[in-house]
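Enquirer: I am sharing query.txt, which consists of compact mmCIF, C-alpha atoms and all ligand atoms:
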# COMPACT_ATOMS: atom_id res chain seq x y z
CA MET A 6 76.72 3.35 -40.33
CA ALA A 7 80.11 2.11 -41.50
CA SER A 8 80.35 2.31 -45.27
CA ARG A 9 77.08 4.05 -46.16
CA ARG A 10 77.56 7.50 -47.61
CA PRO A 11 74.98 9.84 -46.06
CA TYR A 12 72.27 11.15 -48.38
CA VAL A 13 70.50 14.47 -47.92
CA GLY A 14 67.61 15.32 -50.23
CA GLY A 15 65.89 18.70 -50.55
CA ASN A 16 62.24 18.21 -51.51
CA TRP A 17 61.12 21.62 -52.76
CA LYS A 18 57.53 20.42 -53.32
CA MET A 19 55.26 22.90 -55.17
CA ASN A 20 57.30 25.97 -54.18
CA LEU A 21 59.37 28.72 -55.81
CA ASP A 22 59.14 30.50 -59.14
CA ARG A 23 61.82 30.12 -61.80
CA ASN A 24 64.01 32.93 -60.46
CA GLY A 25 63.71 31.62 -56.93
CA ALA A 26 64.67 28.11 -58.02
CA VAL A 27 67.73 29.39 -59.90
CA ALA A 28 68.82 31.55 -56.96
CA LEU A 29 68.51 28.64 -54.53
CA CYS A 30 70.50 26.37 -56.87
CA ARG A 31 73.20 29.01 -57.14
CA ASP A 32 73.47 29.39 -53.36
CA LEU A 33 73.62 25.65 -52.80
CA ALA A 34 76.11 25.02 -55.59
CA GLN A 35 78.52 27.55 -54.05
CA GLU A 36 78.25 26.37 -50.49
CA THR A 37 78.21 22.60 -50.95
CA LEU A 38 81.52 22.23 -52.79
CA THR A 39 83.36 21.16 -49.62
CA LEU A 40 80.64 18.72 -48.51
CA ASP A 41 82.27 15.82 -50.30
CA ALA A 42 81.57 13.04 -47.80
CA ILE A 43 77.83 13.05 -48.48
CA GLN A 44 75.49 12.82 -51.44
CA ILE A 45 73.14 15.79 -51.84
CA ALA A 46 70.16 15.85 -54.19
CA ILE A 47 67.54 18.51 -54.79
CA PHE A 48 64.02 17.89 -56.08
CA PRO A 49 62.57 21.03 -57.71
CA ALA A 50 59.21 21.09 -59.49
CA PHE A 51 59.30 19.57 -63.00
CA VAL A 52 59.08 22.95 -64.68
CA HIS A 53 62.25 24.11 -62.92
CA LEU A 54 64.40 21.06 -63.71
CA ASP A 55 65.86 22.58 -66.86
CA ALA A 56 66.93 25.84 -65.19
CA ALA A 57 68.18 23.98 -62.12
CA HIS A 58 70.23 21.64 -64.29
CA ALA A 59 71.81 24.51 -66.20
CA THR A 60 72.60 26.42 -63.00
CA LEU A 61 74.20 23.42 -61.27
CA ALA A 62 76.19 22.53 -64.40
CA LEU A 63 77.50 26.08 -64.77
CA ALA A 64 78.71 26.05 -61.17
CA LYS A 65 80.28 22.58 -61.62
CA SER A 66 78.25 21.52 -58.63
CA ASN A 67 78.21 17.98 -57.29
CA VAL A 68 74.61 18.42 -56.10
CA MET A 69 72.47 15.81 -57.86
CA LEU A 70 69.18 16.71 -59.53
CA GLY A 71 65.98 14.83 -58.85
CA ALA A 72 62.31 14.84 -59.85
CA GLN A 73 59.45 14.63 -57.37
CA ASP A 74 57.62 11.96 -59.35
CA VAL A 75 57.47 10.13 -62.71
CA TYR A 76 55.00 7.91 -64.55
CA PRO A 77 56.17 4.32 -65.08
CA GLU A 78 55.23 3.94 -68.77
CA PRO A 79 57.81 5.01 -71.38
CA ASP A 80 55.33 7.06 -73.48
CA GLY A 81 51.74 7.17 -74.64
CA ALA A 82 48.33 8.57 -73.80
CA PHE A 83 48.88 9.60 -70.17
CA THR A 84 47.76 13.21 -70.09
CA GLY A 85 49.61 15.31 -67.56
CA GLU A 86 52.24 12.70 -66.74
CA ILE A 87 56.02 12.85 -67.20
CA SER A 88 58.18 9.85 -68.21
CA ILE A 89 61.53 8.73 -66.83
CA ALA A 90 63.25 9.56 -70.15
CA MET A 91 61.79 13.09 -70.01
CA VAL A 92 63.27 13.86 -66.59
CA GLN A 93 66.58 12.23 -67.60
CA ASP A 94 66.62 14.57 -70.59
CA PHE A 95 66.58 17.45 -68.11
CA GLY A 96 69.48 16.03 -66.12
CA ALA A 97 67.52 14.39 -63.29
CA ASN A 98 68.86 11.02 -62.10
CA HIS A 99 67.07 10.77 -58.76
CA VAL A 100 63.30 10.47 -58.27
CA LEU A 101 61.01 10.46 -55.24
CA VAL A 102 58.36 7.73 -55.18
CA GLY A 103 55.43 7.28 -52.84
CA HIS A 104 55.84 10.52 -50.92
CA SER A 105 53.13 10.76 -48.28
CA GLU A 106 51.58 13.77 -50.01
CA ARG A 107 51.17 11.64 -53.13
CA ARG A 108 49.83 8.69 -51.14
CA HIS A 109 47.49 10.62 -48.86
CA VAL A 110 46.69 13.94 -50.60
CA ILE A 111 46.71 12.85 -54.25
CA GLY A 112 45.55 9.30 -53.48
CA GLU A 113 48.29 7.35 -55.25
CA PRO A 114 47.71 3.59 -54.83
CA GLU A 115 50.33 1.01 -53.86
CA PRO A 116 50.35 -0.85 -57.23
CA LEU A 117 51.31 2.38 -59.01
CA ILE A 118 54.06 3.02 -56.45
CA ARG A 119 55.37 -0.48 -57.14
CA GLN A 120 55.35 0.11 -60.92
CA LYS A 121 57.21 3.40 -60.51
CA THR A 122 59.82 1.87 -58.22
CA ARG A 123 60.45 -1.01 -60.62
CA ALA A 124 60.62 1.24 -63.69
CA LEU A 125 63.14 3.54 -61.99
CA ILE A 126 65.40 0.73 -60.78
CA GLU A 127 65.30 -0.88 -64.22
CA ALA A 128 66.20 2.47 -65.80
CA GLY A 129 69.28 2.78 -63.54
CA MET A 130 67.88 5.83 -61.75
CA THR A 131 68.24 6.47 -58.02
CA CYS A 132 64.83 5.80 -56.51
CA VAL A 133 64.01 7.43 -53.17
CA LEU A 134 61.10 5.33 -51.94
CA CYS A 135 59.12 7.08 -49.20
CA ILE A 136 57.20 5.12 -46.58
CA GLY A 137 55.70 5.93 -43.20
CA GLU A 138 52.74 5.63 -40.89
CA THR A 139 49.91 8.05 -40.11
CA LEU A 140 49.26 9.33 -36.58
CA ASP A 141 46.40 6.86 -36.04
CA GLN A 142 48.61 4.00 -37.13
CA ARG A 143 51.40 5.11 -34.80
CA GLU A 144 49.00 5.44 -31.89
CA SER A 145 47.72 1.92 -32.52
CA GLY A 146 51.31 0.64 -32.38
CA ASP A 147 51.38 -0.24 -36.08
CA THR A 148 54.45 1.76 -37.20
CA ASN A 149 56.64 -1.23 -38.03
CA ALA A 150 53.80 -3.20 -39.61
CA ILE A 151 52.89 -0.29 -41.91
CA ASN A 152 56.49 0.32 -42.92
CA GLU A 153 56.93 -3.36 -43.61
CA SER A 154 53.82 -3.68 -45.71
CA GLN A 155 54.64 -0.56 -47.76
CA LEU A 156 58.18 -1.86 -48.35
CA ARG A 157 57.06 -5.37 -49.29
CA SER A 158 54.43 -3.96 -51.62
CA ALA A 159 56.79 -1.56 -53.43
CA LEU A 160 59.80 -3.87 -53.64
CA ARG A 161 58.09 -7.18 -54.38
CA ASN A 162 60.05 -9.40 -56.82
CA LEU A 163 62.60 -6.67 -57.46
CA THR A 164 66.30 -7.39 -58.02
CA ILE A 165 68.71 -4.75 -56.78
CA ASP A 166 72.07 -4.79 -58.60
CA ASP A 167 73.32 -1.51 -57.16
CA PRO A 168 72.15 -0.80 -53.59
CA GLN A 169 73.28 2.84 -53.95
CA ARG A 170 70.38 3.38 -56.34
CA LEU A 171 67.69 2.58 -53.83
CA VAL A 172 67.20 4.96 -50.91
CA ILE A 173 64.40 4.41 -48.40
CA ALA A 174 62.97 7.55 -46.81
CA TYR A 175 61.13 6.84 -43.58
CA GLU A 176 58.76 9.76 -43.17
CA PRO A 177 56.11 9.47 -40.47
CA VAL A 178 53.12 11.26 -42.00
CA TRP A 179 52.37 13.10 -38.74
CA ALA A 180 55.87 14.63 -38.72
CA ILE A 181 55.83 16.09 -42.24
CA GLY A 182 55.54 19.86 -42.26
CA THR A 183 54.12 19.86 -38.73
CA GLY A 184 57.17 20.78 -36.67
CA ARG A 185 56.80 17.45 -34.84
CA THR A 186 59.73 15.09 -35.22
CA ALA A 187 60.11 11.45 -34.23
CA THR A 188 62.56 11.17 -31.35
CA PRO A 189 65.96 9.88 -32.46
CA ASP A 190 65.26 6.63 -30.55
CA ASP A 191 61.85 6.10 -32.17
CA ALA A 192 63.26 6.87 -35.61
CA GLN A 193 66.20 4.51 -35.01
CA ASP A 194 63.77 1.71 -33.99
CA ALA A 195 61.80 2.18 -37.20
CA HIS A 196 64.97 2.30 -39.34
CA LYS A 197 66.32 -0.85 -37.74
CA HIS A 198 63.12 -2.68 -38.53
CA ILE A 199 63.19 -1.37 -42.11
CA ARG A 200 66.75 -2.69 -42.52
CA ALA A 201 65.67 -6.11 -41.23
CA VAL A 202 62.84 -6.19 -43.80
CA LEU A 203 65.32 -5.23 -46.56
CA ALA A 204 67.61 -8.09 -45.44
CA ASP A 205 64.68 -10.47 -45.73
CA LEU A 206 63.66 -9.12 -49.14
CA PHE A 207 67.20 -9.06 -50.57
CA ASP A 208 70.15 -10.19 -48.43
CA GLU A 209 72.17 -8.91 -45.48
CA ASN A 210 74.88 -7.20 -47.57
CA THR A 211 72.37 -5.40 -49.77
CA ALA A 212 70.38 -4.28 -46.72
CA ASN A 213 73.53 -2.96 -45.07
CA ALA A 214 74.42 -0.95 -48.17
CA ILE A 215 71.00 0.69 -48.75
CA ARG A 216 70.68 4.19 -47.29
CA ILE A 217 67.65 4.66 -45.03
CA ILE A 218 67.02 8.35 -44.45
CA TYR A 219 64.61 10.10 -42.11
CA GLY A 220 62.17 12.83 -43.11
CA GLY A 221 59.66 14.91 -41.19
CA SER A 222 60.49 18.34 -39.76
CA VAL A 223 64.26 17.85 -39.87
CA LYS A 224 65.82 21.19 -38.88
CA PRO A 225 69.34 22.42 -38.10
CA ASP A 226 68.75 21.87 -34.38
CA ASN A 227 67.66 18.22 -34.56
CA ALA A 228 69.62 16.95 -37.59
CA ALA A 229 72.87 15.98 -35.84
CA GLU A 230 71.15 13.86 -33.21
CA LEU A 231 68.98 12.08 -35.76
CA PHE A 232 71.89 11.45 -38.15
CA SER A 233 74.09 10.05 -35.39
CA GLN A 234 71.76 7.06 -34.94
CA PRO A 235 73.34 3.89 -36.35
CA ASP A 236 70.62 3.18 -38.96
CA ILE A 237 69.81 6.77 -39.98
CA ASP A 238 71.84 7.61 -43.08
CA GLY A 239 70.73 11.19 -43.73
CA GLY A 240 67.46 13.00 -44.30
CA LEU A 241 64.76 14.07 -46.73
CA ILE A 242 64.15 17.72 -46.03
CA GLY A 243 61.05 19.68 -47.01
CA GLY A 244 60.48 23.12 -45.47
CA ALA A 245 64.09 23.64 -44.36
CA SER A 246 65.41 22.83 -47.85
CA LEU A 247 63.96 26.13 -49.11
CA LYS A 248 66.19 28.11 -46.71
CA PRO A 249 69.78 27.83 -47.91
CA ASN A 250 71.36 28.35 -44.49
CA ASP A 251 69.13 25.76 -42.82
CA PHE A 252 69.65 23.22 -45.58
CA LEU A 253 73.42 23.75 -45.50
CA SER A 254 73.51 23.31 -41.71
CA ILE A 255 71.63 20.02 -42.11
CA CYS A 256 74.04 18.89 -44.85
CA THR A 257 76.98 19.85 -42.64
CA ALA A 258 75.52 17.80 -39.78
CA ALA A 259 75.37 14.78 -42.14
CA GLN A 260 78.94 15.40 -43.29
CA GLU A 261 80.19 15.62 -39.71
CA THR A 262 78.42 12.42 -38.73
CA SER A 263 79.98 10.61 -41.66
CA ARG A 264 83.46 11.91 -40.78
CA ALA A 265 82.99 10.89 -37.15
CA GLU A 266 82.02 7.41 -38.29
CA GLY A 267 84.82 7.11 -40.83
CA VAL A 268 82.86 6.76 -44.07
CA SER A 269 85.27 6.40 -46.96
CA THR A 270 84.54 8.89 -49.74
P1 LIG A 301 59.28 18.67 -43.92
O1 LIG A 301 58.98 17.72 -45.19
O2 LIG A 301 60.78 18.65 -43.72
O3 LIG A 301 58.75 20.00 -44.30
O4 LIG A 301 58.57 18.06 -42.75
C1 LIG A 301 59.66 16.52 -45.38
C2 LIG A 301 59.19 15.86 -46.65
O5 LIG A 301 58.01 16.00 -47.00
O6 LIG A 301 59.96 15.19 -47.35
Let's see the structure in the file written out as structure tokens.
Expert:
Amino acid sequence: MASRRPYVGGNWKMNLDRNGAVALCRDLAQETLTLDAIQIAIFPAFVHLDAAHATLALAKSNVMLGAQDVYPEPDGAFTGEISIAMVQDFGANHVLVGHSERRHVIGEPEPLIRQKTRALIEAGMTCVLCIGETLDQRESGDTNAINESQLRSALRNLTIDDPQRLVIAYEPVWAIGTGRTATPDDAQDAHKHIRAVLADLFDENTANAIRIIYGGSVKPDNAAELFSQPDIDGGLIGGASLKPNDFLSICTAAQETSRAEGVST
């Protein structure tokens, strides 16, 4: 993966109380100081962003802070929603968009995912756009077609000035939180196709610079093999990101892959 700096995200979902979030931030801040060849971001619940930001800042941590969602409008009558400026105010510069739980549990439609993606890129935030097929779609052989249509829908007519600020997370829905993982070969096939779609949407250089990460039951014992695939540039980690030792092992696997492949830091 030549010059792409691996990216590991910890998606904490709707977990932890305030004390738990602070304790996890403290553990990670301590232990990640030497992991300088990769980019690490954590995505706590909105209500814990402030405490997480303060804890990471106090520890002079290089772990980035992210939000699990935002609303694309700058302000107004959108009860219950949170704007980009609001999460920036709490120190978050990375945001997840289109996570499968938002698409399939909450029912978020593709046009809204497109608006969020555009608003984030225009605001200079790092947008982690999640895509992936359901089990039925995989079994019908539609994995690449679904990934392609989700990508084309979310990224339509978008200009990318800084490819570091767009991360694509390929997360097969059937692998999230289930303990089932795509095989490294299947994941690599999907990532390769995603990169080809990005080259068609933007250009070859941009596509080669965008990180494409894998998510879905990544654990310490499968991370290294997944991350060593040529088009897999790290991972989006759910369950294992709540266990500091597991998350650190996964980050270390990404760091080792990047060292082995000579990524300049
Ligand atoms: P998981 O979640 O690692 O628990 O499968 C991944 C995700 O939802 O991003």
Enquirer: Extending 5 Å beyond the listed atoms of range 82-94 of chain A on each side, what axis-aligned box results? I want centre and edge lengths in Å to one decimal, as AutoDock Vina command-line options.
Expert:
--center_x 57.2 --center_y 11.9 --center_z -70.2 --size_x 28.9 --size_y 16.7 --size_z 17.2
Enquirer: Within 8 Å of ligand LIG 301 (chain A), which residues of chain A show up? Give each one with its shortest atom-to-atom distance in Å (one decimal) and the two atoms involved, counting only C-alpha atoms and all ligand atoms, rows by chain then rising residue number, as a Markdown table.
Expert:
| residue | atom | partner | partner_atom | distance |
| --- | --- | --- | --- | --- |
| A:Gly15 | CA | A:LIG301 | O6 | 7.6 |
| A:Asn16 | CA | A:LIG301 | O6 | 5.6 |
| A:Lys18 | CA | A:LIG301 | O5 | 7.7 |
| A:His104 | CA | A:LIG301 | O5 | 7.1 |
| A:Ser105 | CA | A:LIG301 | O5 | 7.3 |
| A:Glu106 | CA | A:LIG301 | O5 | 7.4 |
| A:Glu176 | CA | A:LIG301 | O6 | 7.0 |
| A:Ala180 | CA | A:LIG301 | O4 | 5.9 |
| A:Ile181 | CA | A:LIG301 | O4 | 3.4 |
| A:Gly182 | CA | A:LIG301 | O4 | 3.6 |
| A:Thr183 | CA | A:LIG301 | O4 | 6.3 |
| A:Gly184 | CA | A:LIG301 | O4 | 6.8 |
| A:Gly220 | CA | A:LIG301 | C1 | 5.0 |
| A:Gly221 | CA | A:LIG301 | O4 | 3.7 |
| A:Ser222 | CA | A:LIG301 | O4 | 3.6 |
| A:Val223 | CA | A:LIG301 | O2 | 5.3 |
| A:Lys224 | CA | A:LIG301 | O2 | 7.4 |
| A:Leu241 | CA | A:LIG301 | O6 | 5.0 |
| A:Ile242 | CA | A:LIG301 | O2 | 4.2 |
| A:Gly243 | CA | A:LIG301 | O1 | 3.4 |
| A:Gly244 | CA | A:LIG301 | O3 | 3.8 |
| A:Ala245 | CA | A:LIG301 | O2 | 6.0 |
| A:Ser246 | CA | A:LIG301 | O2 | 7.5 |
Enquirer: Excluding same-chain residues fewer than 5 positions from Pro49 in chain A, what lies within 9 Å of it counting only C-alpha atoms, as an MDAnalysis selection string?
Expert: chainID A and resid 15:21 26 54 57 70:73
Enquirer: From the set A:Ile151, A:Ile89, A:Ile255, A:Cys30, which residue has the shortest atom-to-atom contact distance to Asn227 in chain A, counting all atoms listed in the file?
Expert: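 Smallest distance to Asn227 in chain A is found for A:Ile255.
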Enquirer: Please report the interatomic distance between CA of Arg161 in chain A and CA of Glu138 in chain A in Å with one decimal.
Expert: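 About the pair CA of Arg161 in chain A and CA of Glu138 in chain A: they are 19.4 Å apart.
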Enquirer: Can you tell me, as a PyMOL selection string, what residues are no more than 10 Å from Ile87 in chain A when counting all atoms listed in the file, ignoring any on the same chain fewer than 2 positions away?
Expert: chain A and resi 51+72+74-80+83-85+89-92
Enquirer: Against range 237-240 of chain A, which residues of range 20-88 of chain A fall within 10 Å? For each one I want the closest pair of atoms and the distance in Å (one decimal), counting only C-alpha atoms, rows by chain and increasing residue number, as a tab-separated table.
Expert:
residue	atom	partner	partner_atom	distance
A:Ile43	CA	A:Gly239	CA	8.7
A:Gln44	CA	A:Gly239	CA	9.2
A:Ile45	CA	A:Gly239	CA	9.6
Enquirer: Excluding Tyr12 in chain A and its own-chain neighbours fewer than 5 positions away, which residues fall within 12 Å of it when counting all atoms listed in the file? Please give them as a count of residues only.
Expert: 40
Enquirer: When you draw a straight line from CA of His53 in chain A to CA of Gly25 in chain A, how long is it in Å?
Expert: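 That distance, rounded to one decimal, is 9.7 Å.
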Enquirer: Could you check which residues have any atom within 12 Å of (57.6, 0.4, -32.3), counting only C-alpha atoms with coordinates taken straight from the file, and then list them as a list in words?
Expert: Glu138, Gln142, Arg143, Glu144, Ser145, Gly146, Asp147, Thr148, Asn149, Ala150, Ile151, Asn152, Glu153, Ala187, Thr188, Asp190, Asp191, Ala192, Gln193, Asp194, Ala195, His196, Lys197, His198 and Ile199 of chain A
Enquirer: If you measure from CA of Arg119 in chain A to CA of Leu101 in chain A, what distance in Å do you get, rounded to one decimal?
Expert: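 The value is 12.5 Å.
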Enquirer: Using all atoms listed in the file for the distances, tell me which of A:Pro114, A:Pro189, A:Gly81, A:Thr122 is nearest to Leu231 in chain A.
Expert: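 Checking each candidate against Leu231 in chain A, we get A:Pro189 as the closest.
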Enquirer: Show me, as a ChimeraX atom specification, the residues that have an atom within 8 Å of Asn67 in chain A when counting all atoms listed in the file, minus same-chain residues fewer than 2 positions from it.
Expert: /A:34,37-38,45,61,65,69
Enquirer: Would you mind listing what lies within 8 Å of Ile165 in chain A as a list in words, with all atoms listed in the file counted and same-chain residues fewer than 3 positions away left out?
Expert: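 Counting only the stated atoms, we get Ile126, Pro168, Leu171, Phe207 and Thr211 of chain A.
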Enquirer: Taking only C-alpha atoms into account, which of A:Ala159, A:Ala214, A:Leu33, A:Ala50 comes nearest Ile118 in chain A?
Expert: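 Using only C-alpha atoms, Ile118 in chain A sits closest to A:Ala159.
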Enquirer: Of the candidates A:Arg10, A:His109, A:Lys248, A:Arg264, which shows the shortest atom-to-atom distance to Trp179 in chain A, using all atoms listed in the file?
Expert: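 Smallest distance to Trp179 in chain A is found for A:His109.
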Enquirer: Using only C-alpha atoms, find the one residue out of A:Asn250, A:Gln93, A:Thr164, A:Ser8 that sits nearest to Asp208 in chain A.
Expert: A:Thr164
